[in-house]
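Student: Have a peek at target_20.pdb (PDB, C-alpha atoms and all ligand atoms).
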ATOM      1  CA  MET A   1      83.679  84.515  92.028
ATOM      2  CA  THR A   2      80.973  85.072  89.435
ATOM      3  CA  THR A   3      77.325  84.410  88.784
ATOM      4  CA  SER A   4      76.486  84.397  85.099
ATOM      5  CA  GLY A   5      79.833  85.956  84.294
ATOM      6  CA  ARG A   6      79.423  89.023  86.531
ATOM      7  CA  ALA A   7      81.635  89.426  89.590
ATOM      8  CA  VAL A   8      79.707  89.186  92.860
ATOM      9  CA  ARG A   9      80.557  92.320  94.792
ATOM     10  CA  THR A  10      82.285  91.307  98.000
ATOM     11  CA  GLY A  11      83.217  93.473 100.949
ATOM     12  CA  ARG A  12      84.970  92.640 104.165
ATOM     13  CA  PHE A  13      85.716  93.824 107.669
ATOM     14  CA  ALA A  14      89.170  92.865 108.889
ATOM     15  CA  PRO A  15      89.644  93.617 112.601
ATOM     16  CA  SER A  16      92.959  92.953 114.350
ATOM     17  CA  PRO A  17      92.366  91.411 117.774
ATOM     18  CA  THR A  18      94.880  93.681 119.480
ATOM     19  CA  GLY A  19      92.114  95.324 121.524
ATOM     20  CA  PRO A  20      88.306  95.131 121.723
ATOM     21  CA  LEU A  21      86.219  96.639 118.962
ATOM     22  CA  HIS A  22      85.716 100.368 119.639
ATOM     23  CA  SER A  23      83.395 102.982 118.150
ATOM     24  CA  GLY A  24      86.002 103.846 115.500
ATOM     25  CA  SER A  25      86.198 100.313 114.181
ATOM     26  CA  LEU A  26      82.403  99.930 114.285
ATOM     27  CA  VAL A  27      82.189 102.737 111.705
ATOM     28  CA  ALA A  28      84.332 100.691 109.300
ATOM     29  CA  ALA A  29      82.370  97.513 110.042
ATOM     30  CA  LEU A  30      79.022  99.228 109.449
ATOM     31  CA  ALA A  31      80.218 101.008 106.301
ATOM     32  CA  SER A  32      81.652  97.856 104.732
ATOM     33  CA  TRP A  33      78.463  95.903 105.523
ATOM     34  CA  LEU A  34      76.186  98.625 104.060
ATOM     35  CA  ASP A  35      78.356  98.933 100.979
ATOM     36  CA  ALA A  36      78.222  95.192 100.299
ATOM     37  CA  ARG A  37      74.467  95.017 100.842
ATOM     38  CA  ALA A  38      73.796  98.158  98.793
ATOM     39  CA  GLN A  39      75.459  96.378  95.860
ATOM     40  CA  GLY A  40      73.574  93.135  96.496
ATOM     41  CA  GLY A  41      76.889  91.601  97.496
ATOM     42  CA  ARG A  42      78.497  89.428 100.151
ATOM     43  CA  TRP A  43      80.106  90.633 103.379
ATOM     44  CA  LEU A  44      82.937  88.689 104.989
ATOM     45  CA  VAL A  45      84.804  89.025 108.257
ATOM     46  CA  ARG A  46      88.507  88.257 108.464
ATOM     47  CA  VAL A  47      90.159  88.205 111.869
ATOM     48  CA  GLU A  48      93.626  89.634 111.296
ATOM     49  CA  ASP A  49      95.398  87.689 114.010
ATOM     50  CA  GLY A  50      98.417  87.042 111.777
ATOM     51  CA  ASP A  51     100.651  89.227 113.931
ATOM     52  CA  THR A  52     100.758  86.746 116.779
ATOM     53  CA  GLU A  53     103.059  88.946 118.865
ATOM     54  CA  ARG A  54     100.489  91.733 119.123
ATOM     55  CA  CYS A  55      97.174  89.859 119.279
ATOM     56  CA  LEU A  56      95.466  89.031 122.529
ATOM     57  CA  PRO A  57      94.025  85.543 123.045
ATOM     58  CA  GLY A  58      90.237  85.298 123.009
ATOM     59  CA  LEU A  59      89.762  88.749 121.576
ATOM     60  CA  GLY A  60      88.953  87.614 118.026
ATOM     61  CA  LYS A  61      85.974  85.688 119.332
ATOM     62  CA  ALA A  62      84.871  88.616 121.511
ATOM     63  CA  ILE A  63      84.967  90.943 118.480
ATOM     64  CA  LEU A  64      82.793  88.525 116.476
ATOM     65  CA  GLU A  65      80.290  88.537 119.360
ATOM     66  CA  GLN A  66      80.254  92.341 119.491
ATOM     67  CA  LEU A  67      79.611  92.430 115.740
ATOM     68  CA  ALA A  68      76.844  89.821 116.015
ATOM     69  CA  ALA A  69      75.152  91.920 118.718
ATOM     70  CA  CYS A  70      75.045  94.691 116.088
ATOM     71  CA  ALA A  71      73.529  92.234 113.538
ATOM     72  CA  LEU A  72      76.792  92.270 111.570
ATOM     73  CA  VAL A  73      77.400  88.615 110.735
ATOM     74  CA  SER A  74      79.799  87.286 108.124
ATOM     75  CA  ASP A  75      78.161  85.527 105.170
ATOM     76  CA  GLU A  76      80.795  82.799 105.418
ATOM     77  CA  PRO A  77      82.627  81.401 108.439
ATOM     78  CA  PRO A  78      85.143  84.070 109.444
ATOM     79  CA  VAL A  79      88.674  83.611 108.148
ATOM     80  CA  TRP A  80      91.474  83.641 110.729
ATOM     81  CA  GLN A  81      94.874  84.710 109.436
ATOM     82  CA  THR A  82      96.696  82.291 111.726
ATOM     83  CA  GLN A  83      95.144  79.504 109.635
ATOM     84  CA  ARG A  84      96.480  81.027 106.439
ATOM     85  CA  LEU A  85     100.180  81.348 107.172
ATOM     86  CA  PRO A  86     101.297  78.984 104.332
ATOM     87  CA  ALA A  87      99.521  81.198 101.753
ATOM     88  CA  TYR A  88     101.638  84.204 102.796
ATOM     89  CA  GLY A  89     104.747  82.042 102.358
ATOM     90  CA  VAL A  90     103.701  81.089  98.808
ATOM     91  CA  ALA A  91     103.191  84.745  97.807
ATOM     92  CA  PHE A  92     106.456  85.720  99.451
ATOM     93  CA  ASP A  93     108.346  82.982  97.555
ATOM     94  CA  ARG A  94     106.943  84.351  94.304
ATOM     95  CA  LEU A  95     108.247  87.818  95.134
ATOM     96  CA  VAL A  96     111.667  86.389  95.990
ATOM     97  CA  ALA A  97     111.726  84.398  92.738
ATOM     98  CA  ALA A  98     110.852  87.571  90.805
ATOM     99  CA  GLY A  99     113.736  89.432  92.467
ATOM    100  CA  LEU A 100     111.274  91.705  94.263
ATOM    101  CA  ALA A 101     112.060  90.738  97.868
ATOM    102  CA  TYR A 102     115.428  90.840  99.541
ATOM    103  CA  PRO A 103     116.823  90.109 103.000
ATOM    104  CA  CYS A 104     117.917  93.028 105.150
ATOM    105  CA  GLY A 105     120.465  92.751 107.920
ATOM    106  CA  CYS A 106     120.144  96.279 109.306
ATOM    107  CA  SER A 107     119.308  97.016 112.926
ATOM    108  CA  ARG A 108     117.348 100.161 113.763
ATOM    109  CA  ALA A 109     120.565 101.804 114.936
ATOM    110  CA  GLU A 110     122.277 101.008 111.634
ATOM    111  CA  ILE A 111     119.346 102.433 109.677
ATOM    112  CA  ASP A 112     119.526 105.619 111.769
ATOM    113  CA  ALA A 113     123.276 105.878 111.200
ATOM    114  CA  ALA A 114     122.888 105.409 107.416
ATOM    115  CA  LEU A 115     120.159 108.046 107.313
ATOM    116  CA  ALA A 116     122.266 110.485 109.320
ATOM    117  CA  GLN A 117     125.187 109.906 106.961
ATOM    118  CA  GLN A 118     122.927 110.795 104.030
ATOM    119  CA  GLY A 119     121.952 113.939 105.932
ATOM    120  CA  ALA A 120     118.381 112.667 105.860
ATOM    121  CA  SER A 121     116.010 112.916 108.776
ATOM    122  CA  HIS A 122     113.939 110.650 106.612
ATOM    123  CA  THR A 123     111.094 109.604 108.825
ATOM    124  CA  ARG A 124     107.413 109.460 108.162
ATOM    125  CA  HIS A 125     104.754 109.028 110.866
ATOM    126  CA  GLY A 126     107.728 108.363 113.145
ATOM    127  CA  GLU A 127     108.845 105.456 110.932
ATOM    128  CA  ARG A 128     112.251 105.460 109.293
ATOM    129  CA  VAL A 129     112.265 105.417 105.479
ATOM    130  CA  TYR A 130     114.712 102.591 104.755
ATOM    131  CA  PRO A 131     117.817 103.967 103.011
ATOM    132  CA  GLY A 132     118.298 100.853 100.835
ATOM    133  CA  THR A 133     121.532  99.629 102.459
ATOM    134  CA  CYS A 134     120.955  95.890 101.787
ATOM    135  CA  ARG A 135     119.246  96.313  98.419
ATOM    136  CA  ASP A 136     122.257  94.964  96.553
ATOM    137  CA  GLY A 137     123.280  92.304  99.049
ATOM    138  CA  LEU A 138     123.809  91.630 102.741
ATOM    139  CA  ARG A 139     127.582  92.248 102.575
ATOM    140  CA  GLY A 140     128.297  89.689 105.279
ATOM    141  CA  LYS A 141     125.432  90.700 107.561
ATOM    142  CA  THR A 142     122.890  88.211 108.856
ATOM    143  CA  ALA A 143     119.383  88.496 107.399
ATOM    144  CA  ARG A 144     116.846  89.945 109.854
ATOM    145  CA  ALA A 145     113.785  91.236 107.990
ATOM    146  CA  TRP A 146     112.760  90.788 104.356
ATOM    147  CA  ARG A 147     111.849  93.853 102.322
ATOM    148  CA  PHE A 148     109.908  94.567  99.136
ATOM    149  CA  ALA A 149     112.127  96.048  96.416
ATOM    150  CA  THR A 150     109.874  99.093  96.022
ATOM    151  CA  ALA A 151     112.361 101.246  94.153
ATOM    152  CA  ARG A 152     113.223  98.449  91.694
ATOM    153  CA  PHE A 153     109.559  97.642  91.088
ATOM    154  CA  GLU A 154     108.347 101.244  90.741
ATOM    155  CA  GLU A 155     111.186 101.959  88.344
ATOM    156  CA  ALA A 156     110.254  98.915  86.244
ATOM    157  CA  GLN A 157     106.643 100.153  86.168
ATOM    158  CA  GLY A 158     107.961 103.436  84.769
ATOM    159  CA  THR A 159     105.046 105.445  86.157
ATOM    160  CA  GLY A 160     107.017 107.521  88.670
ATOM    161  CA  GLY A 161     104.559 106.671  91.421
ATOM    162  CA  THR A 162     101.434 104.738  92.265
ATOM    163  CA  ALA A 163      97.988 106.098  91.462
ATOM    164  CA  TRP A 164      94.688 104.814  92.819
ATOM    165  CA  THR A 165      91.233 106.254  93.445
ATOM    166  CA  ASP A 166      89.342 106.457  96.705
ATOM    167  CA  ARG A 167      85.557 106.485  96.316
ATOM    168  CA  ARG A 168      85.204 109.172  99.012
ATOM    169  CA  LEU A 169      88.510 111.033  98.929
ATOM    170  CA  GLY A 170      89.051 111.040  95.137
ATOM    171  CA  PRO A 171      92.249 110.456  93.124
ATOM    172  CA  GLN A 172      95.346 109.559  95.163
ATOM    173  CA  TRP A 173      98.996 109.308  94.229
ATOM    174  CA  GLN A 174     102.088 108.260  96.145
ATOM    175  CA  ASP A 175     105.763 107.912  95.274
ATOM    176  CA  VAL A 176     106.147 104.869  97.494
ATOM    177  CA  SER A 177     109.887 104.476  96.995
ATOM    178  CA  HIS A 178     110.470 108.037  98.171
ATOM    179  CA  ASP A 179     107.785 108.304 100.836
ATOM    180  CA  VAL A 180     107.942 104.814 102.318
ATOM    181  CA  GLY A 181     110.945 103.061 100.801
ATOM    182  CA  ASP A 182     111.555  99.328 100.607
ATOM    183  CA  PHE A 183     108.963  98.233 103.159
ATOM    184  CA  VAL A 184     109.041  95.116 105.300
ATOM    185  CA  LEU A 185     107.316  91.916 104.122
ATOM    186  CA  ARG A 186     108.499  89.716 106.950
ATOM    187  CA  ARG A 187     109.583  91.155 110.269
ATOM    188  CA  ALA A 188     112.842  90.304 111.999
ATOM    189  CA  ASP A 189     110.860  88.604 114.802
ATOM    190  CA  GLY A 190     109.105  86.336 112.277
ATOM    191  CA  PRO A 191     105.515  87.435 111.457
ATOM    192  CA  TRP A 192     104.428  88.294 107.931
ATOM    193  CA  ALA A 193     103.809  92.022 107.621
ATOM    194  CA  TYR A 194     100.265  93.396 107.445
ATOM    195  CA  GLN A 195     100.787  94.640 103.852
ATOM    196  CA  LEU A 196     101.521  91.156 102.521
ATOM    197  CA  ARG A 197      98.793  89.417 104.538
ATOM    198  CA  VAL A 198      96.081  91.866 103.548
ATOM    199  CA  VAL A 199      96.886  91.712  99.828
ATOM    200  CA  VAL A 200      97.023  87.913  99.749
ATOM    201  CA  ASP A 201      93.786  87.567 101.726
ATOM    202  CA  ASP A 202      91.802  90.208  99.818
ATOM    203  CA  ALA A 203      92.640  88.338  96.606
ATOM    204  CA  GLU A 204      91.947  84.881  98.056
ATOM    205  CA  GLN A 205      88.542  86.038  99.340
ATOM    206  CA  HIS A 206      87.719  87.732  95.994
ATOM    207  CA  ILE A 207      87.208  91.079  97.703
ATOM    208  CA  THR A 208      85.979  93.634  95.165
ATOM    209  CA  ASP A 209      85.415  96.520  97.620
ATOM    210  CA  VAL A 210      87.660  97.441 100.503
ATOM    211  CA  VAL A 211      85.884  99.823 102.881
ATOM    212  CA  ARG A 212      87.924 100.723 105.974
ATOM    213  CA  GLY A 213      89.000 103.621 108.198
ATOM    214  CA  GLU A 214      90.771 106.653 106.803
ATOM    215  CA  ASP A 215      93.792 105.960 109.019
ATOM    216  CA  LEU A 216      94.634 103.111 106.616
ATOM    217  CA  THR A 217      94.516 105.287 103.455
ATOM    218  CA  ASP A 218      98.264 105.691 103.443
ATOM    219  CA  ASN A 219      98.818 101.914 103.172
ATOM    220  CA  THR A 220      96.840 101.584  99.970
ATOM    221  CA  ALA A 221      99.566 102.510  97.457
ATOM    222  CA  ARG A 222     101.830  99.860  99.008
ATOM    223  CA  GLN A 223      99.042  97.320  98.669
ATOM    224  CA  VAL A 224      98.398  98.301  95.040
ATOM    225  CA  LEU A 225     102.115  97.792  94.308
ATOM    226  CA  LEU A 226     102.068  94.340  95.873
ATOM    227  CA  GLN A 227      98.933  93.432  93.899
ATOM    228  CA  LEU A 228     100.694  94.445  90.685
ATOM    229  CA  ALA A 229     103.836  92.547  91.644
ATOM    230  CA  LEU A 230     101.834  89.387  92.407
ATOM    231  CA  GLY A 231      99.503  89.712  89.411
ATOM    232  CA  LEU A 232      96.449  90.109  91.668
ATOM    233  CA  PRO A 233      93.424  92.331  90.956
ATOM    234  CA  THR A 234      93.137  95.706  92.694
ATOM    235  CA  PRO A 235      89.802  96.136  94.508
ATOM    236  CA  ARG A 236      87.947  99.439  94.747
ATOM    237  CA  TYR A 237      88.774 101.409  97.912
ATOM    238  CA  LEU A 238      86.706 103.648 100.163
ATOM    239  CA  HIS A 239      88.158 105.057 103.391
ATOM    240  CA  THR A 240      85.632 106.131 105.997
ATOM    241  CA  PRO A 241      85.798 109.204 108.274
ATOM    242  CA  LEU A 242      87.521 108.680 111.612
ATOM    243  CA  VAL A 243      85.921 108.989 115.019
ATOM    244  CA  LEU A 244      87.689 111.639 117.040
ATOM    245  CA  GLY A 245      88.008 111.519 120.810
ATOM    246  CA  ASP A 246      87.212 114.473 123.099
ATOM    247  CA  ASP A 247      90.764 115.736 122.507
ATOM    248  CA  GLY A 248      90.225 115.854 118.716
ATOM    249  CA  GLU A 249      92.615 112.930 118.159
ATOM    250  CA  LYS A 250      91.568 109.755 116.383
ATOM    251  CA  LEU A 251      90.225 106.965 118.585
ATOM    252  CA  SER A 252      92.516 103.970 118.560
ATOM    253  CA  LYS A 253      93.286 100.915 120.614
ATOM    254  CA  GLN A 254      96.799 102.262 121.108
ATOM    255  CA  ARG A 255      95.342 105.365 122.710
ATOM    256  CA  GLY A 256      93.188 103.285 125.010
ATOM    257  CA  ALA A 257      89.834 103.618 123.224
ATOM    258  CA  VAL A 258      87.335 101.589 125.185
ATOM    259  CA  SER A 259      85.077  98.892 123.915
ATOM    260  CA  PHE A 260      81.421  99.768 123.483
ATOM    261  CA  ASP A 261      78.290  98.447 125.122
ATOM    262  CA  THR A 262      76.478  95.684 123.257
ATOM    263  CA  SER A 263      74.932  94.099 126.349
ATOM    264  CA  THR A 264      71.374  94.755 125.126
ATOM    265  CA  PRO A 265      69.894  95.263 121.626
ATOM    266  CA  GLN A 266      69.088  98.860 122.631
ATOM    267  CA  ALA A 267      72.705  99.536 123.617
ATOM    268  CA  ALA A 268      73.933  98.012 120.335
ATOM    269  CA  LEU A 269      71.387 100.100 118.415
ATOM    270  CA  ALA A 270      72.655 103.253 120.122
ATOM    271  CA  GLU A 271      76.256 102.396 119.147
ATOM    272  CA  LEU A 272      75.181 101.776 115.552
ATOM    273  CA  HIS A 273      73.467 105.174 115.513
ATOM    274  CA  LYS A 274      76.686 106.854 116.595
ATOM    275  CA  ALA A 275      78.614 105.047 113.839
ATOM    276  CA  ALA A 276      75.944 105.928 111.256
ATOM    277  CA  GLY A 277      76.174 109.591 112.288
ATOM    278  CA  VAL A 278      79.919 109.592 111.543
ATOM    279  CA  LEU A 279      79.101 108.279 108.047
ATOM    280  CA  GLY A 280      76.564 111.068 107.512
ATOM    281  CA  LEU A 281      73.556 108.735 107.649
ATOM    282  CA  PRO A 282      70.348 110.020 109.282
ATOM    283  CA  PRO A 283      68.963 108.355 112.435
ATOM    284  CA  ALA A 284      66.872 105.243 111.753
ATOM    285  CA  LYS A 285      64.080 106.627 113.913
ATOM    286  CA  ARG A 286      61.623 103.785 113.527
ATOM    287  CA  ALA A 287      64.162 100.992 113.940
ATOM    288  CA  THR A 288      63.568  98.833 116.977
ATOM    289  CA  SER A 289      66.570  96.545 116.587
ATOM    290  CA  PRO A 290      70.082  96.663 115.091
ATOM    291  CA  ALA A 291      68.914  94.558 112.108
ATOM    292  CA  ASP A 292      66.060  97.009 111.430
ATOM    293  CA  ALA A 293      68.419  99.967 111.478
ATOM    294  CA  LEU A 294      70.841  98.291 109.082
ATOM    295  CA  THR A 295      68.068  97.667 106.575
ATOM    296  CA  THR A 296      66.922 101.299 106.820
ATOM    297  CA  TRP A 297      70.405 102.604 106.040
ATOM    298  CA  ILE A 298      71.092 100.508 102.896
ATOM    299  CA  PRO A 299      69.376 102.872 100.388
ATOM    300  CA  GLN A 300      70.730 105.901 102.243
ATOM    301  CA  TRP A 301      74.253 104.529 101.912
ATOM    302  CA  THR A 302      73.740 104.183  98.148
ATOM    303  CA  ALA A 303      72.615 107.802  97.916
ATOM    304  CA  LEU A 304      75.704 109.036  99.780
ATOM    305  CA  TYR A 305      78.521 106.848  98.515
ATOM    306  CA  ASN A 306      77.736 105.526  95.031
TER     307      ASN A 306
HETATM  308  N1  LIG B 401      93.403  94.755 110.526
HETATM  309  C1  LIG B 401      93.517  96.155 110.225
HETATM  310  C2  LIG B 401      93.133  96.970 111.455
HETATM  311  O1  LIG B 401      92.429  96.475 112.316
HETATM  312  C3  LIG B 401      92.616  96.589 109.101
HETATM  313  C4  LIG B 401      93.017  96.009 107.813
HETATM  314  C5  LIG B 401      92.264  96.523 106.598
HETATM  315  O2  LIG B 401      91.067  96.822 106.715
HETATM  316  O3  LIG B 401      92.873  96.567 105.557
HETATM  317  O4  LIG B 401      93.557  98.112 111.530
END
In structure tokens, how does this file's structure come out?
Tutor:
Amino acid sequence: MTTSGRAVRTGRFAPSPTGPLHSGSLVAALASWLDARAQGGRWLVRVEDGDTERCLPGLGKAILEQLAACALVSDEPPVWQTQRLPAYGVAFDRLVAAGLAYPCGCSRAEIDAALAQQGASHTRHGERVYPGTCRDGLRGKTARAWRFATARFEEAQGTGGTAWTDRRLGPQWQDVSHDVGDFVLRRADGPWAYQLRVVVDDAEQHITDVVRGEDLTDNTARQVLLQLALGLPTPRYLHTPLVLGDDGEKLSKQRGAVSFDTSTPQAALAELHKAAGVLGLPPAKRATSPADALTTWIPQWTALYN
């Protein structure tokens, strides 16, 4: 999207309705909104309900209400991934046609056995690094998941790894085929994987700036690879600091982080102040409403992050 030939900067917040919005996700929402506004750009919300198995009914709407109470409102009607399923199929078909996606018939137990045979305890964040068993064919097995041919693609790129730059954390590099392996594009139980959905949607929505929590940093190289494979542009990336719980661990829905109070404008303002503090922004002392506070922080965001 352009006006007079120059790309309109576009940011987004992409919550998964697997639990209510918590203080950790508000940091990402606030940061992405400030970043878009600081660049005179648009801010969009995408409800990532594409993983139907894990999403809870009604929660997407509740998250939009929580955001609205914090004066964070999408510039266009929010996009729901469940309405975009055909687009993921089109991208997937292109990868298959290019020889960059293949069916995998391995169960978890078979993957473990293959890894043990290789003498590899190859796991990362508790996830198995796929040993490549079905890369050259199913050998009579029934297809379960579909995987991206990471090793084949990285080799064809000839760069020995994937480099990208984070606006806060600096230059990043990952050997995806070694560290992650041939990752899943479509799960055995049916849903399109997050990596494919996010890449297709960021391109479709003309996102120029992805601003999201640091816990997602590690996914970025995979997303850059998929962008290259699909001929899509790579946005700029900025990963925000995480909110830690009292035990020093990151807040997450999985760990039972609770939703925050947006029942009154004052409560929402207090939550925004907490999120701003995590981003290193000073208190908006004179702000009397969430919208006021947001406006106060725009120039301060520019000073810190541009
Ligand atoms: N939906 C993802 C989440 O809630 C975030 C996706 C992204 O920002 O790339 O963790």
Student: Taking all atoms listed in the file and a cut-off of 7 Å, can you tell me which residues surround ligand LIG 401 (chain B), written as number ranges by chain?
Tutor: A: 13-16, 48, 198, 212, 216
Student: Take the residues just selected and output them with C-alpha atoms as an mmCIF file, in the frame of the given file.
Tutor:
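The file below, out-v6.cif, is the result:
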data_model
loop_
_atom_site.group_PDB
_atom_site.id
_atom_site.type_symbol
_atom_site.label_atom_id
_atom_site.label_comp_id
_atom_site.auth_asym_id
_atom_site.auth_seq_id
_atom_site.Cartn_x
_atom_site.Cartn_y
_atom_site.Cartn_z
ATOM 1 C CA PHE A 13 85.716 93.824 107.669
ATOM 2 C CA ALA A 14 89.170 92.865 108.889
ATOM 3 C CA PRO A 15 89.644 93.617 112.601
ATOM 4 C CA SER A 16 92.959 92.953 114.350
ATOM 5 C CA GLU A 48 93.626 89.634 111.296
ATOM 6 C CA VAL A 198 96.081 91.866 103.548
ATOM 7 C CA ARG A 212 87.924 100.723 105.974
ATOM 8 C CA LEU A 216 94.634 103.111 106.616
#
Student: If you measure from CA of Val180 in chain A to CA of Val129 in chain A, what distance in Å do you get, rounded to one decimal?
Tutor: 5.4 Å
Student: So which residues touch Pro233 in chain A within 12 Å, counting all atoms listed in the file, skipping near sequence neighbours fewer than 2 positions away, as a list of chain:residue names?
Tutor: A:Val199, A:Val200, A:Asp201, A:Asp202, A:Ala203, A:Glu204, A:Gln205, A:His206, A:Ile207, A:Thr208, A:Asp209, A:Gln223, A:Val224, A:Leu225, A:Leu226, A:Gln227, A:Leu228, A:Ala229, A:Leu230, A:Gly231, A:Pro235, A:Arg236
Student: List the residues selected by the PyMOL selection byres (((chain A and resi 132-142) around 9) and not hetatm) in the file shown, writing them as a PyMOL selection string.
Tutor: chain A and resi 102-106+111+114+129-131+143-144+147+149+151+181-182
Student: The PyMOL selection byres (((chain A and resi 184) around 6) and not hetatm) - which residues does that actually catch in the file I just gave you? List them as a list in words.
Tutor: Trp146, Arg147, Phe183, Leu185 and Arg186 of chain A
Student: For a test of reading the model, state the distance in Å between CA of Leu242 in chain A and CA of Arg9 in chain A, rounded to one decimal.
Tutor: 24.5 Å
Student: Show me, as a PyMOL selection string, the residues that have an atom within 6 Å of range 58-73 of chain A when counting all atoms listed in the file, minus same-chain residues fewer than 2 positions from it.
Tutor: chain A and resi 17+21+56+268+290-291
Student: Report as a PyMOL selection string the residues that result from applying the PyMOL selection byres (((chain A and resi 300) around 10) and not hetatm) to the structure here.
Tutor: chain A and resi 34+38+280-282+295-299+301-305
Student: Atoms to include: C-alpha atoms. Write the selected residues as a compact mmCIF listing (two decimals), keeping the file's coordinate frame.
Tutor:
# COMPACT_ATOMS: atom_id res chain seq x y z
CA LEU A 34 76.19 98.62 104.06
CA ALA A 38 73.80 98.16 98.79
CA GLY A 280 76.56 111.07 107.51
CA LEU A 281 73.56 108.74 107.65
CA PRO A 282 70.35 110.02 109.28
CA THR A 295 68.07 97.67 106.58
CA THR A 296 66.92 101.30 106.82
CA TRP A 297 70.40 102.60 106.04
CA ILE A 298 71.09 100.51 102.90
CA PRO A 299 69.38 102.87 100.39
CA TRP A 301 74.25 104.53 101.91
CA THR A 302 73.74 104.18 98.15
CA ALA A 303 72.61 107.80 97.92
CA LEU A 304 75.70 109.04 99.78
CA TYR A 305 78.52 106.85 98.52
Student: List the residues sitting within 12 Å of (109.4, 83.0, 100.1) in the file's frame, using only C-alpha atoms, as number ranges by chain.
Tutor: A: 85-103, 146-148, 185-186, 192, 196
Student: Can you tell me how far CA of Gly41 in chain A sits from CA of Thr10 in chain A, in Å to one decimal?
Tutor: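 About the pair CA of Gly41 in chain A and CA of Thr10 in chain A: they are 5.4 Å apart.
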Student: Determine the nearest neighbour of Gly213 in chain A from the options A:Gly40, A:Pro241, A:Gly19, A:Gly277, counting all atoms listed in the file.
Tutor: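 Counting all atoms listed in the file, the residue closest to Gly213 in chain A is A:Pro241.
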Student: When you count only C-alpha atoms, which of these residues is closest to His273 in chain A: A:Ala221, A:Gly170, A:Leu30, A:Glu155?
Tutor: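 Answer, going by the shortest atom-to-atom distance: A:Leu30.
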Student: Show me, as a PDB file with C-alpha atoms, in the coordinates of the input, the residues that have an atom within 9 Å of His239 in chain A when counting all atoms listed in the file, minus same-chain residues fewer than 6 positions from it.
Tutor:
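So around_0.pdb came out as:
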ATOM      1  CA  ALA A  28      84.332 100.691 109.300  1.00  0.00           C
ATOM      2  CA  ASP A 166      89.342 106.457  96.705  1.00  0.00           C
ATOM      3  CA  ARG A 167      85.557 106.485  96.316  1.00  0.00           C
ATOM      4  CA  ARG A 168      85.204 109.172  99.012  1.00  0.00           C
ATOM      5  CA  LEU A 169      88.510 111.033  98.929  1.00  0.00           C
ATOM      6  CA  VAL A 210      87.660  97.441 100.503  1.00  0.00           C
ATOM      7  CA  VAL A 211      85.884  99.823 102.881  1.00  0.00           C
ATOM      8  CA  ARG A 212      87.924 100.723 105.974  1.00  0.00           C
ATOM      9  CA  GLY A 213      89.000 103.621 108.198  1.00  0.00           C
ATOM     10  CA  GLU A 214      90.771 106.653 106.803  1.00  0.00           C
ATOM     11  CA  ASP A 215      93.792 105.960 109.019  1.00  0.00           C
ATOM     12  CA  LEU A 216      94.634 103.111 106.616  1.00  0.00           C
ATOM     13  CA  THR A 217      94.516 105.287 103.455  1.00  0.00           C
TER      14      THR A 217
END
